[in-house]
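Only one structure is covered here, and it is reproduced in the block below.
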There are 2 protein chains.
Amino acid sequence: VTPLPVLWVNGERQPPEAAHVSALDRGLTLADGLFETMRVRHGTVFRLDRHLARLRRGLDVLEIPAPPGLRDRVLEAVRVAGEAEASVRITVTRGVGAGGVAPSTPGCPTTIIALNHLPVVPAAVYERGLTAHVASGRRNEHAVTSGLKTLAYTEAVAALLEAQHAGADEALFLDTASHCSEASASNLFMWTSGALVTPPISCGALPGITRATVVELAAGLDLPIQERAFSLDELLAADEAFLTSSLRGLAPLVRVSGHPIGGGTPGRLSRRLMDAYATVVEQECGAGVWR
Amino acid sequence: VTPLPVLWVNGERQPPEAAHVSALDRGLTLADGLFETMRVRHGTVFRLDRHLARLRRGLDVLEIPAPPGLRDRVLEAVRVAGEAEASVRITVTRGVGAGGVAPSTPGCPTTIIALNHLPVVPAAVYERGLTAHVASGRRNEHAVTSGLKTLAYTEAVAALLEAQHAGADEALFLDTASHCSEASASNLFMWTSGALVTPPISCGALPGITRATVVELAAGLDLPIQERAFSLDELLAADEAFLTSSLRGLAPLVRVSGHPIGGGTPGRLSRRLMDAYATVVEQECGAGVWR
């Protein structure tokens, strides 16, 4: 077992303190690239193919050539790292640029695979729930890159700074039409009037892999599911809410800009879906199976 | 005289083929940083202090500590490069991160100074004018980072790809309320009903340094100036239009998504302001003065 992080840049393993990309890489100079962050459980990447499919859709839109053999390289990276529980991030950029915003020749994409420790999520996040602050900036549902996991996370960073100053754990984005969109790097669900509701992609939400998993699980549990726009007022009046992301899984959302949601504590349905999600991760990743 | 590009990363001069930043730098992983691009004329950086002031405002918003002595380092870089005509780009990121979107400790910002050749602008750009394609994605005037020159240029890259496919030179962004905003990396001006009009920052436009210079020049020429929102229809019906940026200066805009503006050729007022701009650059940068 190798200490984490472990990094590969363009297929070359580099020690974390020396892992580097060109200072002229368009991923750095223009956020001209995409990424995926996945959970490794029992040595298996949960829903790797879904993440790779989303990455490929983004690469298509940005017309960045897909790096060949990416799936095998990720699996090899996980095997070599030898950590059963970890996060793995794939970053693909357009590569070194000649200057200017317009991409010139197809170029040579940069690929980074980084295995790292899972973020430390305090037990209180799952037991007591998260608080969120409504970001003063809005998600742009009218961007061509909306719904793509591009490197452009500056607005999310700014929103999290606001949230930190407000004493909240998370930032909640509204879209430009004042519908609830998503958190800084998580999708949003609420339970209201007997239905599980999540904002559609047209509200600027990322088509999250965990989001899709929750929708499948809810369908399997015969819970009514609605993908529809809703206001902040409707969220605040909901019976329950939770956030979903690949590394944190499902985390109850119990307070938004000071207003409690439901009883201000994690709800029963959220717990039920958290359990169902844990079960599907165990099922798909197996126990002690390395693949 | 050293061949360009010449790069300094955190004060250390690095050969361009080896200049690098950490693969864990948040500038790369999250576009968590800002930049400025300036023109060097006669060895002098045009309006360096204005660019540094804008950079500092952005660093304040993102709570990234301002790198000390930045002004002196830029001047030294220009002196060492020894090129009288060049571009210089300053990039400041939050530095290496531990993972996750939320910034943790203040950290240690990464500073890159890059001297490069001025982009080759064909004479036809100034003589015949630019064509633009209206981007299908919108500028987000409701972002906290709107008006900041962050590294998040992914949407501009995507818009330029659309423009290229449409056979246009440039991408023109509308904001989410369908007002004209700016081009991919240039501000927009039009001449209509005897007034020079440019979108306000509240329409998602960057507070461009060249834009501010043009406003000053127009005031000096006693031209009526309006900073106000306007529609695409109004732009298409304008007598003249032009784009402004630090490296390209003023460039006439003669066609938008197939519709000619004015006569479809550079207008008289655009030429007058282009001349006035060239004059102010010569005045402020001097001739043969290195400073």
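Letters for chains follow the order of the structure tokens (A, B, ...), residue numbers begin at 1 for each chain, and ligand numbers begin at 1 in the order shown.
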
Could you do a least-squares fit of chain B on chain A over every C-alpha atom, in sequence order, and give the output as a short mmCIF file (atom, residue, chain, number, x, y, z; two decimals) with C-alpha atoms, in the first residue's frame?
```
data_model
loop_
_atom_site.label_atom_id
_atom_site.label_comp_id
_atom_site.auth_asym_id
_atom_site.auth_seq_id
_atom_site.Cartn_x
_atom_site.Cartn_y
_atom_site.Cartn_z
CA VAL B 1 -0.02 0.05 -0.01
CA THR B 2 1.35 3.43 -1.13
CA PRO B 3 0.70 6.60 0.90
CA LEU B 4 -1.79 8.89 -0.81
CA PRO B 5 -2.04 11.06 -2.84
CA VAL B 6 -0.76 9.15 -5.85
CA LEU B 7 -0.72 10.99 -9.16
CA TRP B 8 -0.25 10.20 -12.80
CA VAL B 9 0.20 13.00 -15.31
CA ASN B 10 -0.17 11.84 -18.91
CA GLY B 11 0.39 8.28 -17.80
CA GLU B 12 3.58 9.05 -15.90
CA ARG B 13 3.55 8.44 -12.17
CA GLN B 14 4.88 11.47 -10.30
CA PRO B 15 5.49 11.97 -6.57
CA PRO B 16 2.77 14.27 -5.18
CA GLU B 17 5.22 17.04 -4.20
CA ALA B 18 6.62 17.05 -7.74
CA ALA B 19 3.52 16.24 -9.83
CA HIS B 20 3.10 19.08 -12.25
CA VAL B 21 1.61 20.42 -15.45
CA SER B 22 2.93 23.09 -17.79
CA ALA B 23 2.36 26.67 -16.67
CA LEU B 24 1.02 27.16 -20.22
CA ASP B 25 -1.59 24.39 -19.91
CA ARG B 26 -5.00 25.73 -20.92
CA GLY B 27 -6.53 23.87 -18.00
CA LEU B 28 -4.70 26.34 -15.77
CA THR B 29 -4.78 29.46 -17.94
CA LEU B 30 -8.45 29.22 -19.06
CA ALA B 31 -10.11 26.38 -17.08
CA ASP B 32 -10.27 24.69 -20.49
CA GLY B 33 -10.99 21.17 -19.32
CA LEU B 34 -13.21 18.86 -17.29
CA PHE B 35 -12.98 16.54 -14.33
CA GLU B 36 -14.69 13.71 -12.49
CA THR B 37 -14.37 12.77 -8.85
CA MET B 38 -15.32 9.25 -7.82
CA ARG B 39 -15.42 7.12 -4.75
CA VAL B 40 -13.30 4.01 -4.40
CA ARG B 41 -14.98 1.46 -2.13
CA HIS B 42 -13.46 -1.95 -1.44
CA GLY B 43 -10.96 -1.12 -4.17
CA THR B 44 -13.70 -0.60 -6.76
CA VAL B 45 -14.61 2.71 -8.37
CA PHE B 46 -18.34 3.22 -7.84
CA ARG B 47 -20.08 3.73 -11.19
CA LEU B 48 -16.88 4.48 -13.06
CA ASP B 49 -18.54 4.00 -16.44
CA ARG B 50 -21.22 6.59 -15.69
CA HIS B 51 -18.55 9.09 -14.72
CA LEU B 52 -16.55 8.31 -17.86
CA ALA B 53 -19.66 8.73 -20.00
CA ARG B 54 -20.35 12.16 -18.49
CA LEU B 55 -16.72 13.14 -18.99
CA ARG B 56 -16.90 12.03 -22.63
CA ARG B 57 -20.03 14.13 -23.22
CA GLY B 58 -18.20 17.16 -21.84
CA LEU B 59 -15.12 16.49 -23.95
CA ASP B 60 -17.38 16.27 -27.00
CA VAL B 61 -18.95 19.67 -26.28
CA LEU B 62 -15.55 21.28 -25.73
CA GLU B 63 -14.10 19.36 -28.71
CA ILE B 64 -11.24 18.02 -26.65
CA PRO B 65 -10.07 14.62 -27.95
CA ALA B 66 -10.89 11.86 -25.46
CA PRO B 67 -7.70 10.37 -24.00
CA PRO B 68 -7.44 6.75 -25.15
CA GLY B 69 -7.54 3.94 -22.61
CA LEU B 70 -8.74 6.17 -19.81
CA ARG B 71 -10.82 3.46 -18.14
CA ASP B 72 -7.91 1.07 -17.98
CA ARG B 73 -5.61 3.77 -16.68
CA VAL B 74 -8.00 4.60 -13.83
CA LEU B 75 -8.36 0.93 -12.90
CA GLU B 76 -4.59 0.48 -13.01
CA ALA B 77 -4.10 3.58 -10.84
CA VAL B 78 -6.51 2.26 -8.24
CA ARG B 79 -4.80 -1.13 -8.30
CA VAL B 80 -1.31 0.35 -7.94
CA ALA B 81 -2.38 2.70 -5.14
CA GLY B 82 -3.72 -0.33 -3.32
CA GLU B 83 -6.10 1.68 -1.14
CA ALA B 84 -9.49 0.07 -0.68
CA GLU B 85 -11.13 3.35 0.40
CA ALA B 86 -10.15 6.46 -1.49
CA SER B 87 -11.23 9.16 -3.90
CA VAL B 88 -10.08 9.24 -7.49
CA ARG B 89 -10.15 12.31 -9.67
CA ILE B 90 -9.69 12.40 -13.43
CA THR B 91 -8.80 15.76 -14.96
CA VAL B 92 -8.60 16.23 -18.72
CA THR B 93 -7.54 19.58 -20.18
CA ARG B 94 -7.03 20.72 -23.76
CA GLY B 95 -3.29 20.77 -23.04
CA VAL B 96 -0.63 23.38 -23.64
CA GLY B 97 -1.86 26.38 -25.60
CA ALA B 98 -0.18 28.99 -27.71
CA GLY B 99 -1.99 31.89 -26.00
CA GLY B 100 -5.34 33.49 -26.66
CA VAL B 101 -8.77 32.10 -25.80
CA ALA B 102 -9.57 30.41 -29.13
CA PRO B 103 -8.31 26.83 -29.30
CA SER B 104 -6.01 26.35 -32.25
CA THR B 105 -4.95 22.89 -33.42
CA PRO B 106 -6.48 19.79 -31.79
CA GLY B 107 -3.40 19.74 -29.59
CA CYS B 108 -2.47 17.15 -27.03
CA PRO B 109 -4.78 16.87 -24.01
CA THR B 110 -3.37 16.64 -20.51
CA THR B 111 -4.72 13.83 -18.34
CA ILE B 112 -4.26 13.72 -14.58
CA ILE B 113 -5.38 10.82 -12.44
CA ALA B 114 -5.15 11.47 -8.72
CA LEU B 115 -5.92 8.98 -5.96
CA ASN B 116 -6.41 10.60 -2.59
CA HIS B 117 -7.88 10.00 0.83
CA LEU B 118 -11.62 10.32 1.10
CA PRO B 119 -12.47 13.71 2.58
CA VAL B 120 -13.07 13.53 6.31
CA VAL B 121 -16.82 13.94 6.74
CA PRO B 122 -17.67 14.38 10.45
CA ALA B 123 -20.31 11.92 11.65
CA ALA B 124 -22.41 14.94 12.62
CA VAL B 125 -22.97 15.66 8.92
CA TYR B 126 -24.99 12.47 8.59
CA GLU B 127 -26.43 12.45 12.12
CA ARG B 128 -27.33 16.11 12.59
CA GLY B 129 -27.31 17.29 8.97
CA LEU B 130 -25.78 20.15 7.03
CA THR B 131 -26.57 23.84 7.09
CA ALA B 132 -26.45 25.88 3.89
CA HIS B 133 -26.27 29.56 3.01
CA VAL B 134 -28.01 30.81 -0.11
CA ALA B 135 -25.26 32.13 -2.39
CA SER B 136 -25.56 35.74 -3.52
CA GLY B 137 -24.35 34.68 -6.97
CA ARG B 138 -26.58 32.62 -9.23
CA ARG B 139 -25.97 29.43 -11.19
CA ASN B 140 -26.12 30.16 -14.91
CA GLU B 141 -28.60 27.71 -16.41
CA HIS B 142 -28.16 29.51 -19.74
CA ALA B 143 -24.51 28.57 -20.26
CA VAL B 144 -23.40 26.11 -22.95
CA THR B 145 -21.20 24.57 -20.26
CA SER B 146 -24.09 24.29 -17.78
CA GLY B 147 -24.44 20.65 -16.81
CA LEU B 148 -20.80 19.92 -17.66
CA LYS B 149 -18.26 19.33 -14.93
CA THR B 150 -15.76 21.85 -16.27
CA LEU B 151 -12.81 23.15 -14.27
CA ALA B 152 -14.61 26.50 -13.80
CA TYR B 153 -15.41 26.23 -10.08
CA THR B 154 -14.47 29.81 -9.15
CA GLU B 155 -18.07 30.78 -8.45
CA ALA B 156 -18.50 27.73 -6.20
CA VAL B 157 -15.37 28.70 -4.27
CA ALA B 158 -16.69 32.26 -3.83
CA ALA B 159 -20.06 30.91 -2.65
CA LEU B 160 -18.37 28.64 -0.12
CA LEU B 161 -16.41 31.60 1.24
CA GLU B 162 -19.74 33.42 1.76
CA ALA B 163 -21.15 30.32 3.45
CA GLN B 164 -18.14 30.06 5.74
CA HIS B 165 -18.59 33.68 6.79
CA ALA B 166 -22.27 33.00 7.47
CA GLY B 167 -21.31 30.03 9.62
CA ALA B 168 -22.88 27.52 7.23
CA ASP B 169 -21.44 24.24 5.95
CA GLU B 170 -22.56 24.59 2.37
CA ALA B 171 -23.59 27.07 -0.31
CA LEU B 172 -26.95 26.71 -2.03
CA PHE B 173 -27.26 28.18 -5.52
CA LEU B 174 -30.43 29.52 -7.08
CA ASP B 175 -30.51 29.79 -10.87
CA THR B 176 -31.04 33.13 -12.62
CA ALA B 177 -34.83 32.58 -12.53
CA SER B 178 -34.65 32.13 -8.72
CA HIS B 179 -35.28 28.39 -8.77
CA CYS B 180 -33.25 26.18 -6.48
CA SER B 181 -30.37 24.70 -8.47
CA GLU B 182 -27.75 22.80 -6.46
CA ALA B 183 -25.10 23.22 -3.77
CA SER B 184 -21.43 24.10 -4.42
CA ALA B 185 -20.62 20.58 -5.61
CA SER B 186 -23.72 18.55 -4.67
CA ASN B 187 -27.20 18.02 -6.05
CA LEU B 188 -30.29 18.95 -4.09
CA PHE B 189 -33.34 16.84 -3.21
CA MET B 190 -36.41 17.66 -1.14
CA TRP B 191 -39.30 15.58 0.12
CA THR B 192 -42.55 17.50 -0.11
CA SER B 193 -46.25 16.58 -0.41
CA GLY B 194 -45.31 12.92 -0.54
CA ALA B 195 -42.87 13.20 -3.45
CA LEU B 196 -39.13 13.31 -3.83
CA VAL B 197 -38.26 16.38 -5.90
CA THR B 198 -34.97 17.42 -7.50
CA PRO B 199 -34.24 20.39 -9.78
CA PRO B 200 -33.96 19.52 -13.48
CA ILE B 201 -30.70 20.06 -15.34
CA SER B 202 -32.41 23.07 -16.95
CA CYS B 203 -32.12 24.81 -13.55
CA GLY B 204 -28.32 24.70 -13.85
CA ALA B 205 -27.86 21.50 -11.85
CA LEU B 206 -25.09 19.07 -12.75
CA PRO B 207 -26.39 15.66 -13.90
CA GLY B 208 -24.85 14.06 -10.81
CA ILE B 209 -24.05 10.35 -10.75
CA THR B 210 -25.24 10.10 -7.14
CA ARG B 211 -28.34 12.09 -8.11
CA ALA B 212 -29.12 9.52 -10.80
CA THR B 213 -28.52 6.70 -8.33
CA VAL B 214 -30.95 8.24 -5.84
CA VAL B 215 -33.59 8.61 -8.55
CA GLU B 216 -33.18 4.90 -9.37
CA LEU B 217 -33.36 3.93 -5.70
CA ALA B 218 -36.48 6.01 -5.12
CA ALA B 219 -38.15 4.40 -8.13
CA GLY B 220 -37.23 0.99 -6.72
CA LEU B 221 -38.84 1.97 -3.41
CA ASP B 222 -41.98 3.14 -5.25
CA LEU B 223 -41.48 6.70 -4.07
CA PRO B 224 -43.00 9.33 -6.37
CA ILE B 225 -40.13 11.22 -8.07
CA GLN B 226 -40.43 14.64 -9.69
CA GLU B 227 -37.76 16.43 -11.61
CA ARG B 228 -39.11 19.99 -11.60
CA ALA B 229 -38.22 23.58 -10.84
CA PHE B 230 -39.03 24.86 -7.36
CA SER B 231 -38.49 28.03 -5.39
CA LEU B 232 -36.49 28.64 -2.23
CA ASP B 233 -39.78 29.14 -0.35
CA GLU B 234 -40.89 25.69 -1.39
CA LEU B 235 -37.60 24.20 -0.23
CA LEU B 236 -37.88 25.95 3.14
CA ALA B 237 -41.40 24.53 3.55
CA ALA B 238 -40.32 20.99 2.58
CA ASP B 239 -40.60 18.06 4.98
CA GLU B 240 -37.00 17.00 4.35
CA ALA B 241 -34.03 17.83 2.15
CA PHE B 242 -30.65 16.32 1.41
CA LEU B 243 -27.59 16.86 -0.79
CA THR B 244 -25.89 14.24 -2.94
CA SER B 245 -22.33 13.92 -4.17
CA SER B 246 -19.97 11.12 -5.09
CA LEU B 247 -17.65 11.49 -2.12
CA ARG B 248 -20.10 12.50 0.62
CA GLY B 249 -22.98 10.37 -0.63
CA LEU B 250 -26.30 11.58 0.81
CA ALA B 251 -26.14 14.23 3.52
CA PRO B 252 -29.28 15.65 5.17
CA LEU B 253 -29.81 19.39 4.69
CA VAL B 254 -31.52 20.69 7.82
CA ARG B 255 -31.16 24.47 7.68
CA VAL B 256 -30.96 27.03 4.85
CA SER B 257 -29.92 30.62 5.59
CA GLY B 258 -31.13 30.20 9.17
CA HIS B 259 -34.49 28.58 8.38
CA PRO B 260 -34.98 24.99 9.57
CA ILE B 261 -36.20 22.43 7.05
CA GLY B 262 -38.71 19.95 8.42
CA GLY B 263 -37.91 19.69 12.10
CA GLY B 264 -34.37 20.99 11.58
CA THR B 265 -33.13 17.41 11.95
CA PRO B 266 -32.51 14.64 9.39
CA GLY B 267 -35.82 13.18 8.26
CA ARG B 268 -36.95 9.59 8.06
CA LEU B 269 -37.01 9.39 4.30
CA SER B 270 -33.50 10.86 4.02
CA ARG B 271 -32.24 8.15 6.38
CA ARG B 272 -34.03 5.49 4.39
CA LEU B 273 -32.41 6.64 1.16
CA MET B 274 -29.03 6.98 2.87
CA ASP B 275 -29.31 3.33 3.90
CA ALA B 276 -30.43 2.29 0.42
CA TYR B 277 -27.51 4.20 -1.10
CA ALA B 278 -25.01 2.56 1.25
CA THR B 279 -26.46 -0.81 0.26
CA VAL B 280 -26.16 -0.21 -3.48
CA VAL B 281 -22.55 0.95 -3.06
CA GLU B 282 -21.78 -2.26 -1.12
CA GLN B 283 -23.58 -4.35 -3.72
CA GLU B 284 -21.85 -2.85 -6.72
CA CYS B 285 -18.40 -2.55 -5.16
CA GLY B 286 -18.59 -5.91 -3.39
CA ALA B 287 -16.68 -6.60 -0.22
CA GLY B 288 -13.02 -7.36 -0.59
CA VAL B 289 -13.30 -7.56 -4.36
CA TRP B 290 -10.62 -5.60 -6.21
CA ARG B 291 -11.52 -4.78 -9.75
#
```
